[in-house]
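Report on the structure given below.
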Amino acid sequence: MGASGCPQRGVCPQRGVAGRLSFDVGRVRALYPALADGHAYLDGAAGTQVPEAVIDAIAGASRAGIGNVGGAFPASGRSEALVAECRRAVADLVGGEPDGVVLGPNMTTLTYRLAAALAAGWAPGDEVVVSRLDHDANVRPWVQAAARVGAVVRWAEVDPATGELPAGQYDRLVTERTRLVAVGAASNVLGTRPDVAAICATAHAAGALTYVDGVHAAAHGPVDAAALGADFYATSAYKWSGPHVGAVVADPALLETLRPDKLASSPDRVPERFEQGTSPFADLAGVVAAVEHLASLDPAAAGPRRRRVLASMAAAEAHELELFAALSGGLEAMGHVTTYGKAARRTATAYFTVAGHSPRQVAEHLAARRVNVWSGHCYAWELTGALAIRDTGSAVRAGLVHYNDRDDVDRLLDAVGELGD
Ligand SMILES: Cc1ncc(COP(=O)(O)O)c(C=O)c1O
């Protein structure tokens, strides 16, 4: 997280600077119709609920009439405006240029697309560095692209005891043959936030590009992709209260150097060159509304949307981390629970097992008490292998997002506590 991710008025928990915050979780929860169903939604790391404003924006776009882009009539112009607005919104969320925002169905699809385009410029003996902390969507596309061209894959290892991804190892992993370093800004199960800025600096010093998976991180705090040193920053709107739309943000000049597979008839300009087929135009309106929603989490935030997003996400992060102290403290105090991950910088994401019960059984016990959690490897394939839990059902994930409250946490702790009785 760059210094610009921490607004002066708010709090930057990573830097330990306390300040005044404005976050009213009761007000925020009332914006989400789905939360009224009485369930504790602790499955946000797998996908969040959406606020009314997002639902209205998607319905409103359809109601207003939209057409395919490039037409001579107003409905087509409305879709073009939605695409442009969506690029501006995502750029405001992560810190980037609208013309560098590539939109697509999800992060995985876009990463495969980018991996193929980048690997077209790799030669046998070139190297890529991936990490065992990462979601498989930021591992397998690179491993498979490397195999196709005879490039070598180097692995950054996780410390299983802490869940840290030590940045120092990249001094050894990155060489003059490294073409790309792929790393996650936060683990989707342990919450670990590696020192991405240091890792990217090491990559850049060797002339390598960096691909940062921000799918988990972007939901949990302010993002400044440029300050991180991310040449590519990937995110997915369904993790931050939006619809199922993914985006990869890069410098438009960098995108100009790549030639992805595309139809002869589709636009050759950047970023459209990377976008295949027709976009979900109504959903793009939902992405814009989701960014507006995030920008409004701290109602006291003022100024341009980018500034309001940074302030609001800092307030949301502080709220999540305060709740997480109760969640992780409560779990760690239970003798029948084993928690994974103790990284110094992390998101509010707990990963744990319960003695005598498989992770799936725990999830079912919680579901019966209307507490929604995820269980299993959660696509953290290499990590669950490194932790030696993948073959035993991995663990249970309870992830906090900004709409969770103390009641959600207490309900989870009570239900897990019952399993030790
Ligand atoms: C950290 C992380 N990276 C990548 C992905 C894949 O994202 P998508 O579903 O948009 O392909 C996920 C989804 O859970 C994730 O949590």
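Starting from 1 in every chain, residues are counted up; chains themselves are A, B, ... following the order of the structure tokens, and ligands are numbered from 1 as listed.
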**Message:** I'd like the contact shell of stretch 263-270 of chain A - 12 Å cut-off, only C-alpha atoms, skipping same-chain residues fewer than 5 positions apart - returned as a PyMOL selection string.
**Reply:** chain A and resi 69-70+97-103+249-258+275-278
Restricted to N, CA and C atoms, what would the selected residues look like written as an mmCIF file, in the first residue's frame?
data_model
loop_
_atom_site.group_PDB
_atom_site.id
_atom_site.type_symbol
_atom_site.label_atom_id
_atom_site.label_comp_id
_atom_site.auth_asym_id
_atom_site.auth_seq_id
_atom_site.Cartn_x
_atom_site.Cartn_y
_atom_site.Cartn_z
ATOM 1 N N VAL A 69 -22.490 -1.429 -28.971
ATOM 2 C CA VAL A 69 -21.728 -0.195 -29.202
ATOM 3 C C VAL A 69 -21.462 0.006 -30.699
ATOM 4 N N GLY A 70 -21.271 1.258 -31.068
ATOM 5 C CA GLY A 70 -20.903 1.558 -32.454
ATOM 6 C C GLY A 70 -22.080 1.872 -33.355
ATOM 7 N N GLU A 97 -5.261 4.716 -15.256
ATOM 8 C CA GLU A 97 -5.832 5.531 -16.338
ATOM 9 C C GLU A 97 -7.015 4.780 -16.941
ATOM 10 N N PRO A 98 -8.126 5.461 -17.175
ATOM 11 C CA PRO A 98 -9.292 4.772 -17.764
ATOM 12 C C PRO A 98 -8.946 4.016 -19.045
ATOM 13 N N ASP A 99 -8.050 4.567 -19.867
ATOM 14 C CA ASP A 99 -7.716 3.891 -21.133
ATOM 15 C C ASP A 99 -6.872 2.642 -20.924
ATOM 16 N N GLY A 100 -6.447 2.428 -19.677
ATOM 17 C CA GLY A 100 -5.687 1.216 -19.375
ATOM 18 C C GLY A 100 -6.517 0.165 -18.671
ATOM 19 N N VAL A 101 -7.834 0.391 -18.581
ATOM 20 C CA VAL A 101 -8.714 -0.570 -17.885
ATOM 21 C C VAL A 101 -9.298 -1.550 -18.904
ATOM 22 N N VAL A 102 -8.853 -2.788 -18.820
ATOM 23 C CA VAL A 102 -9.383 -3.857 -19.677
ATOM 24 C C VAL A 102 -10.505 -4.542 -18.906
ATOM 25 N N LEU A 103 -11.687 -4.611 -19.497
ATOM 26 C CA LEU A 103 -12.835 -5.236 -18.825
ATOM 27 C C LEU A 103 -13.068 -6.636 -19.377
ATOM 28 N N VAL A 249 -5.908 -3.590 -14.925
ATOM 29 C CA VAL A 249 -5.526 -2.202 -15.154
ATOM 30 C C VAL A 249 -4.021 -2.137 -15.431
ATOM 31 N N ALA A 250 -3.660 -1.461 -16.512
ATOM 32 C CA ALA A 250 -2.251 -1.345 -16.899
ATOM 33 C C ALA A 250 -2.039 0.005 -17.567
ATOM 34 N N ASP A 251 -0.796 0.364 -17.755
ATOM 35 C CA ASP A 251 -0.479 1.581 -18.508
ATOM 36 C C ASP A 251 -0.897 1.344 -19.963
ATOM 37 N N PRO A 252 -1.695 2.241 -20.551
ATOM 38 C CA PRO A 252 -2.107 2.031 -21.947
ATOM 39 C C PRO A 252 -0.898 1.834 -22.877
ATOM 40 N N ALA A 253 0.218 2.505 -22.577
ATOM 41 C CA ALA A 253 1.407 2.366 -23.446
ATOM 42 C C ALA A 253 1.946 0.931 -23.379
ATOM 43 N N LEU A 254 1.831 0.299 -22.210
ATOM 44 C CA LEU A 254 2.260 -1.102 -22.095
ATOM 45 C C LEU A 254 1.313 -2.004 -22.880
ATOM 46 N N LEU A 255 0.011 -1.735 -22.770
ATOM 47 C CA LEU A 255 -0.969 -2.547 -23.513
ATOM 48 C C LEU A 255 -0.731 -2.430 -25.020
ATOM 49 N N GLU A 256 -0.286 -1.255 -25.475
ATOM 50 C CA GLU A 256 -0.018 -1.057 -26.906
ATOM 51 C C GLU A 256 1.045 -2.019 -27.426
ATOM 52 N N THR A 257 1.941 -2.474 -26.533
ATOM 53 C CA THR A 257 3.041 -3.344 -26.992
ATOM 54 C C THR A 257 2.592 -4.797 -27.163
ATOM 55 N N LEU A 258 1.350 -5.126 -26.735
ATOM 56 C CA LEU A 258 0.901 -6.524 -26.767
ATOM 57 C C LEU A 258 -0.135 -6.736 -27.873
ATOM 58 N N GLU A 275 -10.517 -7.072 -25.257
ATOM 59 C CA GLU A 275 -11.870 -7.428 -24.804
ATOM 60 C C GLU A 275 -12.568 -8.226 -25.891
ATOM 61 N N GLN A 276 -12.934 -9.455 -25.572
ATOM 62 C CA GLN A 276 -13.492 -10.332 -26.594
ATOM 63 C C GLN A 276 -15.014 -10.322 -26.555
ATOM 64 N N GLY A 277 -15.614 -10.159 -27.707
ATOM 65 C CA GLY A 277 -17.070 -10.246 -27.800
ATOM 66 C C GLY A 277 -17.781 -9.039 -27.202
ATOM 67 N N THR A 278 -19.064 -9.215 -26.968
ATOM 68 C CA THR A 278 -19.916 -8.119 -26.503
ATOM 69 C C THR A 278 -19.895 -8.036 -24.975
#
**Request:** Please give me, as a PyMOL selection string, the residues lying within 8 Å of ligand 1 when counting only C-alpha atoms and all ligand atoms.
**Result:** chain A and resi 45-47+105-110+134-138+184-189+213-217+235-239+244-246+378-379
Keeping only C-alpha atoms, take the residues you just selected and write them out as a compact mmCIF listing (two decimals), in the first residue's frame.
# COMPACT_ATOMS: atom_id res chain seq x y z
CA ALA A 45 -14.14 -13.46 0.27
CA ALA A 46 -15.95 -15.72 -2.19
CA GLY A 47 -18.25 -12.92 -3.35
CA PRO A 105 -15.95 -11.62 -17.44
CA ASN A 106 -13.65 -12.25 -14.46
CA MET A 107 -10.02 -12.14 -13.35
CA THR A 108 -9.25 -15.73 -14.37
CA THR A 109 -10.35 -15.26 -17.97
CA LEU A 110 -8.47 -11.97 -18.26
CA ASP A 134 -1.48 -17.04 -4.55
CA HIS A 135 -4.93 -18.04 -5.70
CA ASP A 136 -4.45 -20.48 -8.56
CA ALA A 137 -5.78 -17.90 -11.03
CA ASN A 138 -2.48 -16.04 -10.63
CA GLY A 184 -1.03 -11.52 -5.03
CA ALA A 185 -1.67 -8.32 -3.11
CA ALA A 186 -3.47 -10.41 -0.46
CA SER A 187 -4.09 -14.12 0.09
CA ASN A 188 -7.75 -15.06 -0.32
CA VAL A 189 -7.55 -17.52 2.60
CA ASP A 213 -3.64 -10.11 -8.27
CA GLY A 214 -5.71 -7.58 -6.37
CA VAL A 215 -8.93 -9.60 -6.37
CA HIS A 216 -8.90 -10.17 -2.61
CA ALA A 217 -7.00 -7.04 -1.61
CA THR A 235 -9.55 -7.05 -9.72
CA SER A 236 -13.10 -8.43 -9.76
CA ALA A 237 -16.13 -6.30 -8.97
CA TYR A 238 -18.13 -9.12 -7.37
CA LYS A 239 -15.67 -9.08 -4.45
CA HIS A 244 -19.60 -10.39 -11.93
CA VAL A 245 -17.21 -8.30 -14.02
CA GLY A 246 -13.42 -8.47 -13.93
CA CYS A 378 -10.81 -21.94 -2.02
CA TYR A 379 -8.51 -22.25 -5.08
**Request:** May I have the residues within 6 Å of A:Val288 as a list in words, using only C-alpha atoms and disregarding those fewer than 2 positions away in the same chain?
**Result:** Cys86, Ala89, Ala285, Gly286, Ala290 and Val291 of chain A
I need the residues from that last selection saved to file as a PDB file, in the first residue's frame (with N, CA and C atoms), if you can.
ATOM      1  N   CYS A  86     -17.476   3.037 -16.771  1.00  0.00           N
ATOM      2  CA  CYS A  86     -16.969   1.889 -16.022  1.00  0.00           C
ATOM      3  C   CYS A  86     -15.439   1.946 -15.972  1.00  0.00           C
ATOM      4  N   ALA A  89     -14.468   4.484 -13.427  1.00  0.00           N
ATOM      5  CA  ALA A  89     -14.731   4.056 -12.047  1.00  0.00           C
ATOM      6  C   ALA A  89     -13.653   3.091 -11.561  1.00  0.00           C
ATOM      7  N   ALA A 285     -22.904  -0.779 -15.629  1.00  0.00           N
ATOM      8  CA  ALA A 285     -23.537   0.282 -14.826  1.00  0.00           C
ATOM      9  C   ALA A 285     -23.475  -0.092 -13.351  1.00  0.00           C
ATOM     10  N   GLY A 286     -23.610  -1.396 -13.069  1.00  0.00           N
ATOM     11  CA  GLY A 286     -23.510  -1.866 -11.685  1.00  0.00           C
ATOM     12  C   GLY A 286     -22.112  -1.688 -11.118  1.00  0.00           C
ATOM     13  N   ALA A 290     -21.142   0.380  -7.846  1.00  0.00           N
ATOM     14  CA  ALA A 290     -20.395  -0.242  -6.739  1.00  0.00           C
ATOM     15  C   ALA A 290     -19.232   0.655  -6.317  1.00  0.00           C
ATOM     16  N   VAL A 291     -18.546   1.238  -7.273  1.00  0.00           N
ATOM     17  CA  VAL A 291     -17.430   2.140  -6.909  1.00  0.00           C
ATOM     18  C   VAL A 291     -17.977   3.376  -6.196  1.00  0.00           C
TER      19      VAL A 291
END
**All residues 8 Å or closer to stretch 31-37 of chain A, only C-alpha atoms, same chain fewer than 4 positions away omitted, as a ChimeraX atom specification** = /A:27,41,49-53
Using C-alpha atoms, can you write the selected residues to a file as an mmCIF file, in the first residue's frame?
data_model
loop_
_atom_site.group_PDB
_atom_site.id
_atom_site.type_symbol
_atom_site.label_atom_id
_atom_site.label_comp_id
_atom_site.auth_asym_id
_atom_site.auth_seq_id
_atom_site.Cartn_x
_atom_site.Cartn_y
_atom_site.Cartn_z
ATOM 1 C CA ARG A 27 -26.093 2.584 8.018
ATOM 2 C CA TYR A 41 -22.714 -13.321 5.573
ATOM 3 C CA GLN A 49 -23.767 -9.083 -1.607
ATOM 4 C CA VAL A 50 -24.744 -6.009 -3.601
ATOM 5 C CA PRO A 51 -26.325 -2.785 -2.339
ATOM 6 C CA GLU A 52 -29.647 -1.528 -3.653
ATOM 7 C CA ALA A 53 -27.840 1.158 -5.651
#
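Among the candidate residues A:Tyr340, A:Trp240, A:Phe23, A:Trp142, the one lying nearest to A:Thr210 is A:Trp142, with distances computed using only C-alpha atoms.
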**Prompt:** What is the atom CA of A:Gln169 to atom CA of A:Gly229 distance in Å?
**Reply:** 17.7 Å
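Minimum atom-to-atom distances from A:Pro260, A:Gly207, A:Pro243, A:Gly330 to A:Val54 were compared using only C-alpha atoms, and the lowest value belongs to A:Pro243.
Atom CA of A:Arg140 lies 20.8 Å from atom CA of A:Asp159.
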**Message:** I need the residues of stretch 244-307 of chain A that end up classed as strand (DSSP E) by DSSP on the backbone, written out as a PyMOL selection string.
**Reply:** chain A and resi 246-250
**Message:** According to DSSP computed on the backbone, where in stretch 328-357 of chain A is there helix (DSSP H, G or I)? Give the residues as a PyMOL selection string.
**Reply:** chain A and resi 328-332
Writing out the chosen residues with N, CA, C and O atoms as an mmCIF file, in the first residue's frame:
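This is the output file result30.cif:
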data_model
loop_
_atom_site.group_PDB
_atom_site.id
_atom_site.type_symbol
_atom_site.label_atom_id
_atom_site.label_comp_id
_atom_site.auth_asym_id
_atom_site.auth_seq_id
_atom_site.Cartn_x
_atom_site.Cartn_y
_atom_site.Cartn_z
ATOM 1 N N SER A 328 -10.502 -13.273 15.351
ATOM 2 C CA SER A 328 -9.311 -14.126 15.442
ATOM 3 C C SER A 328 -8.972 -14.407 16.901
ATOM 4 O O SER A 328 -8.602 -15.533 17.254
ATOM 5 N N GLY A 329 -9.156 -13.405 17.760
ATOM 6 C CA GLY A 329 -8.893 -13.624 19.190
ATOM 7 C C GLY A 329 -9.814 -14.701 19.756
ATOM 8 O O GLY A 329 -9.399 -15.580 20.512
ATOM 9 N N GLY A 330 -11.087 -14.643 19.358
ATOM 10 C CA GLY A 330 -12.058 -15.624 19.836
ATOM 11 C C GLY A 330 -11.725 -17.028 19.360
ATOM 12 O O GLY A 330 -11.804 -17.995 20.124
ATOM 13 N N LEU A 331 -11.350 -17.157 18.086
ATOM 14 C CA LEU A 331 -11.012 -18.483 17.555
ATOM 15 C C LEU A 331 -9.750 -19.020 18.218
ATOM 16 O O LEU A 331 -9.673 -20.206 18.584
ATOM 17 N N GLU A 332 -8.744 -18.157 18.371
ATOM 18 C CA GLU A 332 -7.471 -18.623 18.937
ATOM 19 C C GLU A 332 -7.629 -19.051 20.401
ATOM 20 O O GLU A 332 -6.864 -19.885 20.885
#
**Fill in**
Residue with the minimum atom-to-atom distance to A:Gly335, picked from A:Trp155, A:Ala161, A:Gly356, A:Asp407 with only C-alpha atoms counted, is A:Gly356
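The shortest atom-to-atom distance to A:Ala64, with only C-alpha atoms taken into account, belongs to A:Ala282 out of A:Leu323, A:Ala348, A:Leu209, A:Ala282.
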Mind checking which residues fall within 9 Å of A:His319, counting only C-alpha atoms, ignoring those fewer than 2 positions away in the same chain, and posting them as a JSON list (two decimals) with N, CA, C and O atoms, in the first residue's frame?
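Writing the result to selection-v4.json gives the following:
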[["chain", "number", "residue", "atom", "x", "y", "z"],
["A", 21, "LEU", "N", -12.12, 8.28, 12.45],
["A", 21, "LEU", "CA", -12.75, 7.54, 11.39],
["A", 21, "LEU", "C", -14.23, 7.79, 11.41],
["A", 21, "LEU", "O", -14.80, 8.11, 12.43],
["A", 23, "PHE", "N", -17.27, 5.55, 10.23],
["A", 23, "PHE", "CA", -17.82, 4.35, 9.61],
["A", 23, "PHE", "C", -18.99, 3.86, 10.45],
["A", 23, "PHE", "O", -18.83, 3.49, 11.62],
["A", 25, "VAL", "N", -21.57, 1.07, 10.56],
["A", 25, "VAL", "CA", -21.90, -0.21, 9.93],
["A", 25, "VAL", "C", -23.41, -0.43, 9.85],
["A", 25, "VAL", "O", -23.89, -1.06, 8.89],
["A", 314, "ALA", "N", -10.16, 3.25, 3.58],
["A", 314, "ALA", "CA", -9.35, 3.23, 4.81],
["A", 314, "ALA", "C", -10.26, 3.07, 6.03],
["A", 314, "ALA", "O", -9.94, 2.33, 6.97],
["A", 315, "ALA", "N", -11.40, 3.76, 6.01],
["A", 315, "ALA", "CA", -12.35, 3.63, 7.13],
["A", 315, "ALA", "C", -12.91, 2.22, 7.19],
["A", 315, "ALA", "O", -13.04, 1.62, 8.27],
["A", 316, "ALA", "N", -13.23, 1.66, 6.01],
["A", 316, "ALA", "CA", -13.77, 0.29, 5.97],
["A", 316, "ALA", "C", -12.72, -0.71, 6.48],
["A", 316, "ALA", "O", -13.04, -1.65, 7.21],
["A", 317, "GLU", "N", -11.49, -0.50, 6.10],
["A", 317, "GLU", "CA", -10.41, -1.40, 6.52],
["A", 317, "GLU", "C", -10.25, -1.38, 8.04],
["A", 317, "GLU", "O", -10.12, -2.42, 8.69],
["A", 321, "LEU", "N", -10.74, -4.56, 10.46],
["A", 321, "LEU", "CA", -9.64, -5.06, 11.30],
["A", 321, "LEU", "C", -10.01, -5.03, 12.78],
["A", 321, "LEU", "O", -9.56, -5.88, 13.56],
["A", 322, "GLU", "N", -10.83, -4.07, 13.16],
["A", 322, "GLU", "CA", -11.28, -4.04, 14.56],
["A", 322, "GLU", "C", -12.14, -5.28, 14.86],
["A", 322, "GLU", "O", -11.96, -5.95, 15.87],
["A", 323, "LEU", "N", -13.06, -5.59, 13.93],
["A", 323, "LEU", "CA", -13.89, -6.79, 14.11],
["A", 323, "LEU", "C", -13.04, -8.05, 14.06],
["A", 323, "LEU", "O", -13.29, -9.03, 14.78],
["A", 324, "PHE", "N", -12.02, -8.01, 13.18],
["A", 324, "PHE", "CA", -11.18, -9.19, 13.00],
["A", 324, "PHE", "C", -10.40, -9.51, 14.29],
["A", 324, "PHE", "O", -10.14, -10.68, 14.58],
["A", 401, "VAL", "N", -16.12, -8.47, 5.51],
["A", 401, "VAL", "CA", -16.10, -7.32, 4.60],
["A", 401, "VAL", "C", -16.77, -6.16, 5.32],
["A", 401, "VAL", "O", -17.19, -6.30, 6.48],
["A", 402, "HIS", "N", -16.88, -5.03, 4.62],
["A", 402, "HIS", "CA", -17.28, -3.82, 5.36],
["A", 402, "HIS", "C", -18.70, -3.89, 5.94],
["A", 402, "HIS", "O", -19.01, -3.16, 6.86],
["A", 405, "ASP", "N", -20.81, -7.10, 10.95],
["A", 405, "ASP", "CA", -20.82, -6.40, 12.24],
["A", 405, "ASP", "C", -20.47, -7.36, 13.38],
["A", 405, "ASP", "O", -20.23, -8.56, 13.16]]
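The gap separating atom CA of A:Ala363 from atom CA of A:Ser375 is 6.3 Å, in Å to one decimal.
Summary of the local environment: counting only C-alpha atoms, residues at most 12 Å from A:Ala368, other than itself and those fewer than 5 positions away along its chain, are His39, Ala40, Gln361, Val362, Ala363, Val373, Arg411, Leu412, Ala415 and Val416 of chain A.
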Stretch 357-359 of chain A environment, 12 Å, only C-alpha atoms, sequence neighbours closer than 5 positions dropped, as a PDB file with N, CA and C atoms, in the first residue's frame:
ATOM      1  N   HIS A 336     -10.148 -26.291  20.727  1.00  0.00           N
ATOM      2  CA  HIS A 336     -10.447 -27.250  19.660  1.00  0.00           C
ATOM      3  C   HIS A 336     -10.282 -26.638  18.262  1.00  0.00           C
ATOM      4  N   VAL A 337      -9.773 -25.397  18.190  1.00  0.00           N
ATOM      5  CA  VAL A 337      -9.628 -24.706  16.893  1.00  0.00           C
ATOM      6  C   VAL A 337      -8.155 -24.473  16.580  1.00  0.00           C
ATOM      7  N   THR A 338      -7.780 -24.733  15.316  1.00  0.00           N
ATOM      8  CA  THR A 338      -6.431 -24.384  14.834  1.00  0.00           C
ATOM      9  C   THR A 338      -6.584 -23.302  13.779  1.00  0.00           C
ATOM     10  N   TYR A 351      -8.877 -18.400   8.613  1.00  0.00           N
ATOM     11  CA  TYR A 351      -8.826 -19.735   7.996  1.00  0.00           C
ATOM     12  C   TYR A 351      -8.492 -20.689   9.129  1.00  0.00           C
ATOM     13  N   PHE A 352      -9.375 -21.648   9.385  1.00  0.00           N
ATOM     14  CA  PHE A 352      -9.202 -22.461  10.588  1.00  0.00           C
ATOM     15  C   PHE A 352      -9.811 -23.851  10.432  1.00  0.00           C
ATOM     16  N   GLU A 364     -21.298 -26.840   7.417  1.00  0.00           N
ATOM     17  CA  GLU A 364     -22.707 -27.264   7.479  1.00  0.00           C
ATOM     18  C   GLU A 364     -23.319 -26.946   8.856  1.00  0.00           C
ATOM     19  N   HIS A 365     -22.532 -27.147   9.900  1.00  0.00           N
ATOM     20  CA  HIS A 365     -22.995 -26.803  11.254  1.00  0.00           C
ATOM     21  C   HIS A 365     -23.314 -25.301  11.326  1.00  0.00           C
ATOM     22  N   LEU A 366     -22.438 -24.507  10.750  1.00  0.00           N
ATOM     23  CA  LEU A 366     -22.653 -23.050  10.764  1.00  0.00           C
ATOM     24  C   LEU A 366     -23.853 -22.668   9.894  1.00  0.00           C
ATOM     25  N   VAL A 373     -20.223 -19.498   5.700  1.00  0.00           N
ATOM     26  CA  VAL A 373     -18.764 -19.493   5.536  1.00  0.00           C
ATOM     27  C   VAL A 373     -18.417 -20.437   4.392  1.00  0.00           C
ATOM     28  N   TRP A 374     -17.184 -20.368   3.967  1.00  0.00           N
ATOM     29  CA  TRP A 374     -16.712 -21.259   2.911  1.00  0.00           C
ATOM     30  C   TRP A 374     -15.807 -22.307   3.526  1.00  0.00           C
ATOM     31  N   SER A 375     -15.725 -23.467   2.885  1.00  0.00           N
ATOM     32  CA  SER A 375     -14.758 -24.465   3.350  1.00  0.00           C
ATOM     33  C   SER A 375     -14.062 -25.061   2.134  1.00  0.00           C
ATOM     34  N   GLY A 376     -12.837 -25.561   2.368  1.00  0.00           N
ATOM     35  CA  GLY A 376     -12.083 -26.165   1.266  1.00  0.00           C
ATOM     36  C   GLY A 376     -10.864 -25.346   0.915  1.00  0.00           C
ATOM     37  N   HIS A 377     -10.276 -25.674  -0.242  1.00  0.00           N
ATOM     38  CA  HIS A 377      -9.011 -24.998  -0.622  1.00  0.00           C
ATOM     39  C   HIS A 377      -9.240 -23.592  -1.160  1.00  0.00           C
ATOM     40  N   CYS A 378     -10.466 -23.284  -1.518  1.00  0.00           N
ATOM     41  CA  CYS A 378     -10.805 -21.940  -2.015  1.00  0.00           C
ATOM     42  C   CYS A 378      -9.874 -21.522  -3.165  1.00  0.00           C
ATOM     43  N   ILE A 389      -2.725 -29.377   4.182  1.00  0.00           N
ATOM     44  CA  ILE A 389      -4.121 -29.588   4.604  1.00  0.00           C
ATOM     45  C   ILE A 389      -5.048 -29.845   3.410  1.00  0.00           C
ATOM     46  N   ARG A 390      -4.488 -29.776   2.195  1.00  0.00           N
ATOM     47  CA  ARG A 390      -5.363 -29.886   1.027  1.00  0.00           C
ATOM     48  C   ARG A 390      -6.056 -31.248   0.964  1.00  0.00           C
ATOM     49  N   ASP A 391      -5.357 -32.300   1.344  1.00  0.00           N
ATOM     50  CA  ASP A 391      -5.924 -33.644   1.216  1.00  0.00           C
ATOM     51  C   ASP A 391      -6.907 -33.981   2.333  1.00  0.00           C
ATOM     52  N   THR A 392      -7.018 -33.111   3.311  1.00  0.00           N
ATOM     53  CA  THR A 392      -7.949 -33.385   4.418  1.00  0.00           C
ATOM     54  C   THR A 392      -9.090 -32.372   4.425  1.00  0.00           C
ATOM     55  N   GLY A 393      -9.385 -31.812   3.263  1.00  0.00           N
ATOM     56  CA  GLY A 393     -10.508 -30.872   3.178  1.00  0.00           C
ATOM     57  C   GLY A 393     -10.123 -29.437   3.449  1.00  0.00           C
ATOM     58  N   SER A 394      -8.809 -29.199   3.627  1.00  0.00           N
ATOM     59  CA  SER A 394      -8.264 -27.841   3.822  1.00  0.00           C
ATOM     60  C   SER A 394      -8.793 -27.216   5.115  1.00  0.00           C
ATOM     61  N   ALA A 395      -9.561 -26.154   5.044  1.00  0.00           N
ATOM     62  CA  ALA A 395      -9.969 -25.455   6.277  1.00  0.00           C
ATOM     63  C   ALA A 395     -11.257 -24.682   6.016  1.00  0.00           C
ATOM     64  N   VAL A 396     -11.702 -23.988   7.040  1.00  0.00           N
ATOM     65  CA  VAL A 396     -12.917 -23.163   6.959  1.00  0.00           C
ATOM     66  C   VAL A 396     -12.480 -21.709   6.809  1.00  0.00           C
ATOM     67  N   ARG A 397     -13.128 -21.001   5.916  1.00  0.00           N
ATOM     68  CA  ARG A 397     -12.788 -19.578   5.754  1.00  0.00           C
ATOM     69  C   ARG A 397     -13.958 -18.705   6.189  1.00  0.00           C
ATOM     70  N   ALA A 398     -13.684 -17.794   7.092  1.00  0.00           N
ATOM     71  CA  ALA A 398     -14.666 -16.772   7.487  1.00  0.00           C
ATOM     72  C   ALA A 398     -14.043 -15.425   7.140  1.00  0.00           C
ATOM     73  N   VAL A 416     -19.052 -22.032  16.525  1.00  0.00           N
ATOM     74  CA  VAL A 416     -17.813 -22.821  16.527  1.00  0.00           C
ATOM     75  C   VAL A 416     -17.557 -23.328  17.950  1.00  0.00           C
ATOM     76  N   GLU A 418     -19.709 -24.257  20.099  1.00  0.00           N
ATOM     77  CA  GLU A 418     -20.551 -25.437  20.366  1.00  0.00           C
ATOM     78  C   GLU A 418     -19.857 -26.734  19.969  1.00  0.00           C
ATOM     79  N   LEU A 419     -19.003 -26.657  18.953  1.00  0.00           N
ATOM     80  CA  LEU A 419     -18.331 -27.867  18.459  1.00  0.00           C
ATOM     81  C   LEU A 419     -17.255 -28.362  19.417  1.00  0.00           C
ATOM     82  N   GLY A 420     -16.927 -27.565  20.412  1.00  0.00           N
ATOM     83  CA  GLY A 420     -15.936 -27.989  21.399  1.00  0.00           C
ATOM     84  C   GLY A 420     -16.590 -28.486  22.677  1.00  0.00           C
TER      85      GLY A 420
END
